[in-house]
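Asker: What follows is final-v4.cif; its format and atoms are mmCIF, C-alpha atoms and all ligand atoms.
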```cif
data_query
loop_
_atom_site.label_atom_id
_atom_site.label_comp_id
_atom_site.auth_asym_id
_atom_site.auth_seq_id
_atom_site.Cartn_x
_atom_site.Cartn_y
_atom_site.Cartn_z
CA MET A 1 123.07 87.89 112.39
CA HIS A 2 119.52 88.67 111.48
CA ALA A 3 118.61 92.17 110.40
CA GLN A 4 114.98 91.66 109.52
CA GLU A 5 112.98 94.55 110.96
CA THR A 6 109.62 92.99 111.66
CA HIS A 7 108.70 89.70 113.28
CA ILE A 8 105.45 88.02 114.20
CA GLN A 9 105.32 86.07 117.43
CA VAL A 10 102.45 83.70 118.06
CA ASN A 11 101.86 85.28 121.48
CA GLN A 12 101.22 88.60 119.74
CA LEU A 13 98.11 87.18 118.10
CA ILE A 14 94.66 87.28 119.69
CA TYR A 15 92.23 84.63 118.51
CA PRO A 16 88.55 85.61 118.15
CA LEU A 17 86.07 82.84 118.97
CA PHE A 18 82.30 82.75 118.56
CA LEU A 19 80.39 81.17 121.37
CA TYR A 20 77.00 79.56 121.28
CA ASP A 21 74.76 78.35 124.09
CA GLY A 22 74.17 74.60 124.04
CA LYS A 23 76.10 71.37 123.83
CA GLY A 24 78.02 69.45 121.20
CA MET A 25 78.00 72.25 118.68
CA LYS A 26 80.69 73.24 116.25
CA GLU A 27 79.09 75.00 113.33
CA GLU A 28 81.14 76.58 110.57
CA VAL A 29 80.48 80.22 109.74
CA LYS A 30 79.66 79.98 106.04
CA SER A 31 81.16 83.34 105.13
CA LEU A 32 84.30 82.65 107.18
CA PRO A 33 85.44 79.10 106.36
CA GLY A 34 87.57 77.49 109.02
CA ASN A 35 85.87 79.46 111.79
CA TYR A 36 83.08 78.14 113.94
CA ARG A 37 80.36 78.90 116.42
CA TRP A 38 81.27 76.74 119.37
CA SER A 39 79.37 75.47 122.36
CA LEU A 40 81.50 75.59 125.49
CA ASP A 41 82.10 71.82 125.75
CA LYS A 42 83.54 71.79 122.21
CA LEU A 43 85.45 75.00 122.76
CA ILE A 44 87.42 73.77 125.77
CA PRO A 45 89.58 71.29 123.78
CA GLU A 46 89.98 73.90 121.04
CA VAL A 47 91.32 76.45 123.54
CA GLU A 48 93.63 73.79 124.94
CA ALA A 49 94.98 73.04 121.47
CA CYS A 50 95.57 76.75 120.86
CA LEU A 51 97.36 77.17 124.19
CA GLU A 52 99.64 74.29 123.22
CA LEU A 53 100.42 76.12 119.99
CA GLY A 54 101.45 79.18 121.99
CA ILE A 55 98.34 81.35 121.59
CA THR A 56 97.71 82.91 124.97
CA THR A 57 94.88 85.37 124.38
CA PHE A 58 91.35 84.84 123.13
CA VAL A 59 88.57 87.30 122.46
CA LEU A 60 85.13 85.79 122.88
CA PHE A 61 81.92 86.86 121.16
CA PRO A 62 78.50 85.49 122.07
CA ALA A 63 75.88 84.39 119.52
CA VAL A 64 72.67 85.03 121.41
CA ASP A 65 69.26 83.52 120.81
CA GLU A 66 66.85 86.08 119.29
CA ALA A 67 64.33 85.37 122.08
CA LEU A 68 66.79 86.64 124.70
CA LYS A 69 67.36 89.98 123.01
CA ASP A 70 65.64 93.13 124.19
CA LYS A 71 65.96 96.89 123.88
CA THR A 72 68.24 97.27 126.90
CA ALA A 73 70.45 94.24 126.21
CA SER A 74 69.59 92.98 129.69
CA TYR A 75 70.81 89.47 128.94
CA GLY A 76 74.31 90.98 128.66
CA PHE A 77 74.60 91.05 132.43
CA ALA A 78 71.98 88.46 133.42
CA LYS A 79 73.00 85.95 136.12
CA ASP A 80 72.39 82.94 133.88
CA ASN A 81 74.22 84.40 130.87
CA PHE A 82 76.05 81.56 129.08
CA TYR A 83 78.83 83.85 127.89
CA LEU A 84 79.71 84.87 131.45
CA HIS A 85 79.54 81.24 132.50
CA ALA A 86 81.92 80.30 129.66
CA ILE A 87 84.45 82.98 130.68
CA HIS A 88 84.35 81.66 134.22
CA THR A 89 84.80 78.04 133.14
CA LEU A 90 87.64 78.81 130.73
CA LYS A 91 89.52 80.84 133.32
CA ASN A 92 89.10 78.05 135.88
CA THR A 93 90.13 75.35 133.45
CA PHE A 94 93.09 77.26 131.98
CA PRO A 95 94.28 79.81 134.55
CA ALA A 96 97.16 80.81 132.25
CA CYS A 97 94.94 81.88 129.38
CA CYS A 98 94.08 85.51 128.91
CA ILE A 99 90.46 86.23 128.11
CA MET A 100 89.34 89.37 126.36
CA THR A 101 85.63 90.12 126.21
CA ASP A 102 83.37 92.21 124.03
CA VAL A 103 81.42 95.11 125.47
CA ALA A 104 78.69 96.36 123.16
CA MET A 105 74.94 96.01 123.11
CA ASP A 106 74.61 94.49 119.65
CA PRO A 107 74.78 90.77 120.50
CA TYR A 108 71.96 91.25 123.01
CA SER A 109 69.99 94.10 121.48
CA SER A 110 66.69 93.51 119.69
CA ASP A 111 67.62 96.54 117.57
CA GLY A 112 70.99 95.05 116.60
CA HIS A 113 72.79 98.25 117.50
CA ASP A 114 75.77 98.76 119.78
CA GLY A 115 73.88 101.46 121.68
CA PHE A 116 70.47 102.01 123.18
CA VAL A 117 67.91 102.98 120.52
CA LEU A 118 65.09 105.44 121.23
CA ASP A 119 62.79 106.59 118.43
CA GLY A 120 65.28 105.37 115.86
CA GLN A 121 68.18 107.26 117.46
CA ILE A 122 71.24 105.76 119.14
CA MET A 123 71.38 107.35 122.58
CA ASN A 124 75.02 107.75 123.59
CA ASP A 125 74.78 108.70 127.26
CA GLU A 126 71.94 106.29 128.05
CA THR A 127 74.12 103.46 126.71
CA LEU A 128 77.06 104.08 129.06
CA PRO A 129 75.60 102.60 132.29
CA ILE A 130 74.52 99.49 130.36
CA LEU A 131 78.06 99.02 129.02
CA ALA A 132 79.50 99.54 132.50
CA LYS A 133 77.22 96.85 133.94
CA MET A 134 78.25 94.47 131.18
CA ALA A 135 81.94 95.15 131.81
CA VAL A 136 81.64 94.59 135.57
CA ALA A 137 79.73 91.34 135.02
CA GLN A 138 82.48 90.15 132.66
CA ALA A 139 85.22 91.11 135.13
CA GLN A 140 83.35 89.22 137.85
CA ALA A 141 83.30 86.20 135.55
CA GLY A 142 87.10 86.41 135.23
CA ALA A 143 87.81 88.52 132.15
CA ASP A 144 91.36 89.89 131.94
CA ILE A 145 90.81 92.46 129.21
CA ILE A 146 87.58 94.32 128.55
CA GLY A 147 87.07 95.23 124.89
CA PRO A 148 84.52 97.99 124.37
CA SER A 149 83.68 97.69 120.68
CA ASP A 150 80.65 99.97 120.74
CA MET A 151 82.26 103.37 119.99
CA MET A 152 80.01 105.38 122.32
CA ASP A 153 81.70 108.59 123.47
CA GLY A 154 82.99 108.45 127.02
CA ARG A 155 82.62 104.70 127.47
CA VAL A 156 86.24 103.97 128.36
CA GLY A 157 86.18 106.40 131.30
CA HIS A 158 82.79 105.17 132.39
CA ILE A 159 83.85 101.52 132.28
CA ARG A 160 87.18 102.24 134.01
CA GLU A 161 85.39 103.94 136.87
CA ALA A 162 82.86 101.12 137.25
CA LEU A 163 85.61 98.47 137.20
CA ASP A 164 87.66 100.32 139.81
CA GLU A 165 84.66 100.93 142.07
CA ASN A 166 83.98 97.21 142.03
CA GLY A 167 87.56 96.28 142.89
CA PHE A 168 88.67 95.30 139.38
CA THR A 169 91.62 97.67 139.19
CA GLU A 170 93.74 94.93 137.58
CA VAL A 171 91.37 94.33 134.68
CA SER A 172 92.55 96.22 131.63
CA ILE A 173 90.70 97.91 128.80
CA MET A 174 91.52 97.48 125.14
CA SER A 175 89.62 100.30 123.57
CA TYR A 176 88.33 100.00 120.04
CA THR A 177 89.82 103.46 119.54
CA ALA A 178 89.44 103.94 115.82
CA LYS A 179 86.69 101.62 114.70
CA TYR A 180 85.43 102.53 111.25
CA ALA A 181 81.92 102.11 109.84
CA SER A 182 83.32 99.46 107.53
CA ALA A 183 81.87 97.05 104.98
CA PHE A 184 84.35 94.41 106.17
CA TYR A 185 82.35 93.20 109.19
CA GLY A 186 79.87 91.11 107.16
CA PRO A 187 80.94 87.56 108.12
CA PHE A 188 81.12 88.55 111.80
CA ARG A 189 77.52 89.77 111.71
CA ASP A 190 76.53 86.51 109.98
CA ALA A 191 78.25 84.56 112.76
CA LEU A 192 76.40 86.40 115.49
CA ASP A 193 73.20 87.32 113.66
CA SER A 194 73.88 90.83 114.87
CA ALA A 195 73.29 93.03 111.84
CA PRO A 196 71.35 96.22 112.69
CA LYS A 197 67.58 95.80 112.20
CA ALA A 198 67.32 99.36 110.89
CA GLY A 199 69.79 102.03 109.86
CA ASP A 200 73.55 101.67 110.00
CA LYS A 201 76.35 102.25 112.48
CA LYS A 202 77.61 105.47 110.94
CA THR A 203 76.45 107.69 113.78
CA TYR A 204 78.89 106.06 116.17
CA GLN A 205 81.54 104.29 114.11
CA MET A 206 84.06 106.44 112.26
CA ASN A 207 83.84 107.69 108.71
CA PRO A 208 86.38 105.75 106.59
CA ALA A 209 87.41 109.05 105.00
CA ASN A 210 88.70 110.47 108.30
CA LYS A 211 92.22 110.14 109.59
CA ARG A 212 92.81 113.09 111.92
CA GLU A 213 89.65 112.21 113.82
CA ALA A 214 91.43 109.04 114.97
CA LEU A 215 93.93 111.23 116.82
CA ILE A 216 91.08 112.85 118.76
CA GLU A 217 89.58 109.47 119.61
CA ALA A 218 93.01 108.26 120.73
CA GLN A 219 93.63 111.30 122.94
CA LEU A 220 90.28 110.76 124.62
CA ASP A 221 91.07 107.09 125.22
CA VAL A 222 94.41 107.91 126.83
CA TYR A 223 92.72 110.50 128.99
CA GLU A 224 89.92 108.10 129.97
CA GLY A 225 92.35 105.36 131.00
CA ALA A 226 92.60 102.85 128.15
CA ASP A 227 95.44 100.34 128.40
CA TYR A 228 95.60 99.43 124.70
CA MET A 229 94.35 101.19 121.58
CA MET A 230 92.86 99.31 118.71
CA VAL A 231 92.43 100.14 115.05
CA LYS A 232 89.73 98.26 113.18
CA PRO A 233 89.67 97.05 110.42
CA ALA A 234 93.41 96.61 109.90
CA LEU A 235 94.32 96.24 106.23
CA PRO A 236 92.38 99.14 104.72
CA TYR A 237 93.55 101.29 107.67
CA LEU A 238 97.29 100.63 107.88
CA ASP A 239 97.90 104.38 107.76
CA ILE A 240 95.83 104.82 110.92
CA ILE A 241 97.79 102.08 112.72
CA HIS A 242 101.02 103.78 111.68
CA MET A 243 99.81 107.20 112.78
CA LEU A 244 98.70 106.06 116.23
CA LYS A 245 101.96 104.20 116.73
CA GLN A 246 103.91 107.37 115.89
CA ASN A 247 101.85 109.57 118.18
CA PHE A 248 101.07 107.52 121.28
CA GLU A 249 102.92 105.38 123.76
CA LEU A 250 100.15 102.87 124.49
CA PRO A 251 100.42 99.47 122.82
CA ILE A 252 98.60 99.36 119.51
CA ALA A 253 96.30 96.50 118.54
CA ALA A 254 94.89 95.97 115.07
CA TYR A 255 91.78 93.93 114.30
CA ASN A 256 92.24 91.96 111.10
CA VAL A 257 88.47 91.68 110.75
CA SER A 258 86.25 88.95 109.37
CA GLY A 259 85.85 90.46 105.89
CA GLU A 260 89.61 90.85 105.43
CA CYS A 261 90.15 87.21 106.33
CA ALA A 262 87.16 86.05 104.25
CA MET A 263 88.38 87.70 101.06
CA LEU A 264 91.79 86.11 101.40
CA ILE A 265 90.29 82.69 102.14
CA ALA A 266 87.96 82.99 99.15
CA ALA A 267 90.77 83.91 96.79
CA CYS A 268 92.87 81.01 98.09
CA GLN A 269 89.97 78.57 97.73
CA ASN A 270 89.70 79.64 94.11
CA GLY A 271 93.37 78.98 93.61
CA TRP A 272 93.98 82.67 92.89
CA LEU A 273 96.38 83.23 95.78
CA SER A 274 98.66 81.00 97.81
CA TYR A 275 97.38 80.79 101.38
CA GLU A 276 100.78 79.83 102.83
CA LYS A 277 102.33 82.94 101.33
CA ALA A 278 99.55 85.53 101.33
CA MET A 279 98.25 84.99 104.86
CA PRO A 280 101.58 85.58 106.67
CA GLU A 281 102.30 88.52 104.34
CA MET A 282 98.98 90.06 105.31
CA LEU A 283 99.78 89.73 109.03
CA MET A 284 103.31 91.02 108.47
CA SER A 285 102.00 94.18 106.80
CA ILE A 286 99.86 94.90 109.84
CA LYS A 287 102.80 94.45 112.20
CA ARG A 288 105.08 96.50 109.97
CA ALA A 289 102.56 99.33 110.03
CA GLY A 290 102.98 99.46 113.81
CA ALA A 291 100.62 96.98 115.46
CA ASP A 292 102.03 95.41 118.61
CA VAL A 293 99.31 92.78 118.68
CA ILE A 294 96.85 91.54 116.06
CA LEU A 295 93.37 90.15 116.54
CA THR A 296 92.99 87.71 113.69
CA TYR A 297 90.96 84.68 112.62
CA PHE A 298 94.26 83.35 111.23
CA ALA A 299 95.83 83.07 114.69
CA LYS A 300 95.55 79.30 114.99
CA SER A 301 96.47 78.65 111.42
CA PHE A 302 99.55 80.89 111.70
CA ALA A 303 100.55 79.15 114.93
CA GLU A 304 100.25 75.76 113.19
CA MET A 305 102.42 76.96 110.32
CA ARG A 306 104.97 78.31 112.78
CA LYS A 307 105.09 74.98 114.57
CA LYS A 308 105.77 73.22 111.27
CA GLY A 309 108.52 75.73 110.54
CA LEU A 310 106.70 77.11 107.50
CA VAL A 311 106.72 80.73 108.68
C1 LIG B 1 80.23 94.82 117.26
C2 LIG B 1 81.46 94.23 116.71
C3 LIG B 1 81.69 94.04 115.33
C4 LIG B 1 82.93 93.41 115.21
C5 LIG B 1 83.45 93.23 116.50
N1 LIG B 1 82.52 93.75 117.42
C6 LIG B 1 80.82 94.31 114.17
C7 LIG B 1 80.11 95.59 114.05
O1 LIG B 1 80.56 96.64 114.52
O2 LIG B 1 79.04 95.53 113.46
C8 LIG B 1 83.51 93.01 113.89
C9 LIG B 1 84.63 92.05 113.87
C10 LIG B 1 84.87 91.39 112.57
O3 LIG B 1 84.29 91.73 111.51
O4 LIG B 1 85.68 90.46 112.56
N2 LIG B 1 80.23 95.34 118.51
#
```
Just dump the structure as structure tokens.
Ligand code: PBG

Answerer:
Amino acid sequence: MHAQETHIQVNQLIYPLFLYDGKGMKEEVKSLPGNYRWSLDKLIPEVEACLELGITTFVLFPAVDEALKDKTASYGFAKDNFYLHAIHTLKNTFPACCIMTDVAMDPYSSDGHDGFVLDGQIMNDETLPILAKMAVAQAQAGADIIGPSDMMDGRVGHIREALDENGFTEVSIMSYTAKYASAFYGPFRDALDSAPKAGDKKTYQMNPANKREALIEAQLDVYEGADYMMVKPALPYLDIIHMLKQNFELPIAAYNVSGECAMLIAACQNGWLSYEKAMPEMLMSIKRAGADVILTYFAKSFAEMRKKGLV
């Protein structure tokens, strides 16, 4: 008899991985200890180890050379794009693994914004066809789940249509439904060198003070054909996770973002918190709030603890 209400299964965790072009590289992200920028050859055994631990789903983010960035993020769907090549190779090597991708202009944009910038303004509608091209290229490479993280209005519908037109009706979309203009993305932007060159992301990401607006975003995503809804960050937005879970039938994902993980790691490194206790508690709170799946940099570490019977 076991009456505990909330459980974490390893296959409910999605592991974010940073990918680098090149060979033989495994470089730690300074502001996110224990996480690395990988070249594909080094990543393959890492993915294999994770699969053995029971992690089935990975979200990949590319760290792109500055010289390849331009205003229209054209490298995002270029034929020789190393990220697309990596998706293809991983899917061929590990057919059972589920690959989620990132759709946004920022890794490829010389402006460092998720959308197309004209005269200092983020142009919503001009961004949509670029995102659609990126999504189709990723689906062609073998992506299972497309993750639009850009927060442009109308992108889910636009991407869905482009995927369907190209025969990718089986590829699903995990919409970054309620993505807030948060201060907790710092280590991620360090990892990818993707901080905006000018301005901030407040014109497209949500105001942290707004809750009801998330309901509008969620309604639009349902209407546009999203398969999963995500709330991001997770910890400072547990109320949003809870609210979406109460109001919608789609599965809810929560992104336990880089800054949330970094602050816990830092406190543990200082001996101020116990990692073995605080990390699983953090993940449990996100599940208890209503997340069905969690994107977290702790995925592998949690899976290792589970294997040892510690959690
Ligand atoms: C950008 C993107 C960001 C994250 C995922 N995709 C950062 C941003 O919006 O600037 C953040 C993830 C994290 O902090 O772990 N498209």

Asker: Counting all atoms listed in the file, figure out which residue out of A:Val311, A:Met243, A:Ile286, A:Val103 gets nearest to ligand LIG 1 (chain B).

Answerer: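 So, comparing all the options, the nearest one is A:Val103.
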
Asker: Would you compute the distance between atom O2 of ligand LIG 1 (chain B) and CA of Cys261 (chain A)? Give it in Å to one decimal.

Answerer: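 These two atoms are separated by 15.6 Å.
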
Asker: Residues within 8 Å of ligand LIG 1 (chain B) should be enumerated using all atoms listed in the file and returned as an mmCIF file with C-alpha atoms, in the coordinates of the input.

Answerer:
```
data_model
loop_
_atom_site.group_PDB
_atom_site.id
_atom_site.type_symbol
_atom_site.label_atom_id
_atom_site.label_comp_id
_atom_site.auth_asym_id
_atom_site.auth_seq_id
_atom_site.Cartn_x
_atom_site.Cartn_y
_atom_site.Cartn_z
ATOM 1 C CA PRO A 16 88.550 85.610 118.150
ATOM 2 C CA PHE A 61 81.920 86.860 121.160
ATOM 3 C CA ASP A 102 83.370 92.210 124.030
ATOM 4 C CA VAL A 103 81.420 95.110 125.470
ATOM 5 C CA ALA A 104 78.690 96.360 123.160
ATOM 6 C CA MET A 105 74.940 96.010 123.110
ATOM 7 C CA ASP A 106 74.610 94.490 119.650
ATOM 8 C CA PRO A 107 74.780 90.770 120.500
ATOM 9 C CA HIS A 113 72.790 98.250 117.500
ATOM 10 C CA ASP A 114 75.770 98.760 119.780
ATOM 11 C CA PRO A 148 84.520 97.990 124.370
ATOM 12 C CA SER A 149 83.680 97.690 120.680
ATOM 13 C CA ASP A 150 80.650 99.970 120.740
ATOM 14 C CA LYS A 179 86.690 101.620 114.700
ATOM 15 C CA ALA A 181 81.920 102.110 109.840
ATOM 16 C CA PHE A 184 84.350 94.410 106.170
ATOM 17 C CA TYR A 185 82.350 93.200 109.190
ATOM 18 C CA GLY A 186 79.870 91.110 107.160
ATOM 19 C CA PRO A 187 80.940 87.560 108.120
ATOM 20 C CA PHE A 188 81.120 88.550 111.800
ATOM 21 C CA ARG A 189 77.520 89.770 111.710
ATOM 22 C CA SER A 194 73.880 90.830 114.870
ATOM 23 C CA ALA A 195 73.290 93.030 111.840
ATOM 24 C CA PRO A 196 71.350 96.220 112.690
ATOM 25 C CA LYS A 201 76.350 102.250 112.480
ATOM 26 C CA GLN A 205 81.540 104.290 114.110
ATOM 27 C CA PRO A 233 89.670 97.050 110.420
ATOM 28 C CA TYR A 255 91.780 93.930 114.300
ATOM 29 C CA ASN A 256 92.240 91.960 111.100
ATOM 30 C CA VAL A 257 88.470 91.680 110.750
ATOM 31 C CA SER A 258 86.250 88.950 109.370
ATOM 32 C CA GLY A 259 85.850 90.460 105.890
ATOM 33 C CA THR A 296 92.990 87.710 113.690
ATOM 34 C CA TYR A 297 90.960 84.680 112.620
#
```

Asker: Check which residues of region 94-157 of chain A sit at most 9 Å from region 43-58 of chain A using all atoms listed in the file, and return one row each with the closest pair of atoms and their distance in Å to one decimal, ordered by chain and rising number, as a Markdown table.

Answerer:
```
| residue | atom | partner | partner_atom | distance |
| --- | --- | --- | --- | --- |
| A:Phe94 | CA | A:Glu48 | CA | 7.9 |
| A:Ala96 | CA | A:Thr56 | CA | 7.6 |
| A:Cys97 | CA | A:Thr56 | CA | 5.3 |
| A:Cys98 | CA | A:Thr57 | CA | 4.6 |
| A:Ile99 | CA | A:Phe58 | CA | 5.2 |
| A:Met100 | CA | A:Phe58 | CA | 5.9 |
| A:Thr101 | CA | A:Phe58 | CA | 8.4 |
```

Asker: Closest to Val59 (chain A) among A:Trp38, A:Tyr223, A:Tyr15, A:Tyr83, using only C-alpha atoms?

Answerer: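 Closest to Val59 (chain A), using only C-alpha atoms: A:Tyr15.
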
Asker: Would you mind reading off the distance between CA of Lys211 (chain A) and CA of Phe248 (chain A), one decimal, in Å?

Answerer: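 Calculated distance between CA of Lys211 (chain A) and CA of Phe248 (chain A) is 14.9 Å.
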
Asker: Would you please work out which residue, of A:Ser31, A:Asn207, A:Thr6, A:Asn11, is nearest to Ala191 (chain A) when using only C-alpha atoms?

Answerer: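 Closest to Ala191 (chain A), using only C-alpha atoms: A:Ser31.
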
Asker: Work out how far apart CA of Val171 (chain A) and CA of Gly147 (chain A) are and give it in Å to one decimal.

Answerer: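 About the pair CA of Val171 (chain A) and CA of Gly147 (chain A): they are 10.7 Å apart.
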
Asker: Using all atoms listed in the file, which residue out of A:Thr177, A:Ser110, A:Ser39, A:Thr203 lies closest to Ala218 (chain A)?

Answerer: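 Ranking A:Thr177, A:Ser110, A:Ser39, A:Thr203 by distance to Ala218 (chain A), first place goes to A:Thr177.
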
Asker: Choose the residue, out of A:Ala234, A:Leu68, A:Glu249, A:Pro280, that has the smallest atom-to-atom separation from Glu304 (chain A); count all atoms listed in the file.

Answerer: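 Smallest separation from Glu304 (chain A) among the options: A:Pro280.
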
Asker: Find, counting all atoms listed in the file, the residue in A:Ala253, A:Leu163, A:Ile87, A:Ile122 that gets nearest to Ala198 (chain A).

Answerer: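 Of the candidates, the smallest distance to Ala198 (chain A) is held by A:Ile122.
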
Asker: Extract, using all atoms listed in the file, all DNA, RNA and protein residues at most 9 Å from Val117 (chain A), discarding same-chain residues fewer than 5 positions from it, and format them as a PyMOL selection string.

Answerer: chain A and resi 71-72+111+122-123+127

Asker: Taking (78.5, 74.4, 112.3) in the coordinates of the supplied file, I want to know which residues reach to within 10 Å of it, counting all atoms listed in the file; could you give the answer as a ChimeraX atom specification?

Answerer: /A:25-30,35-38
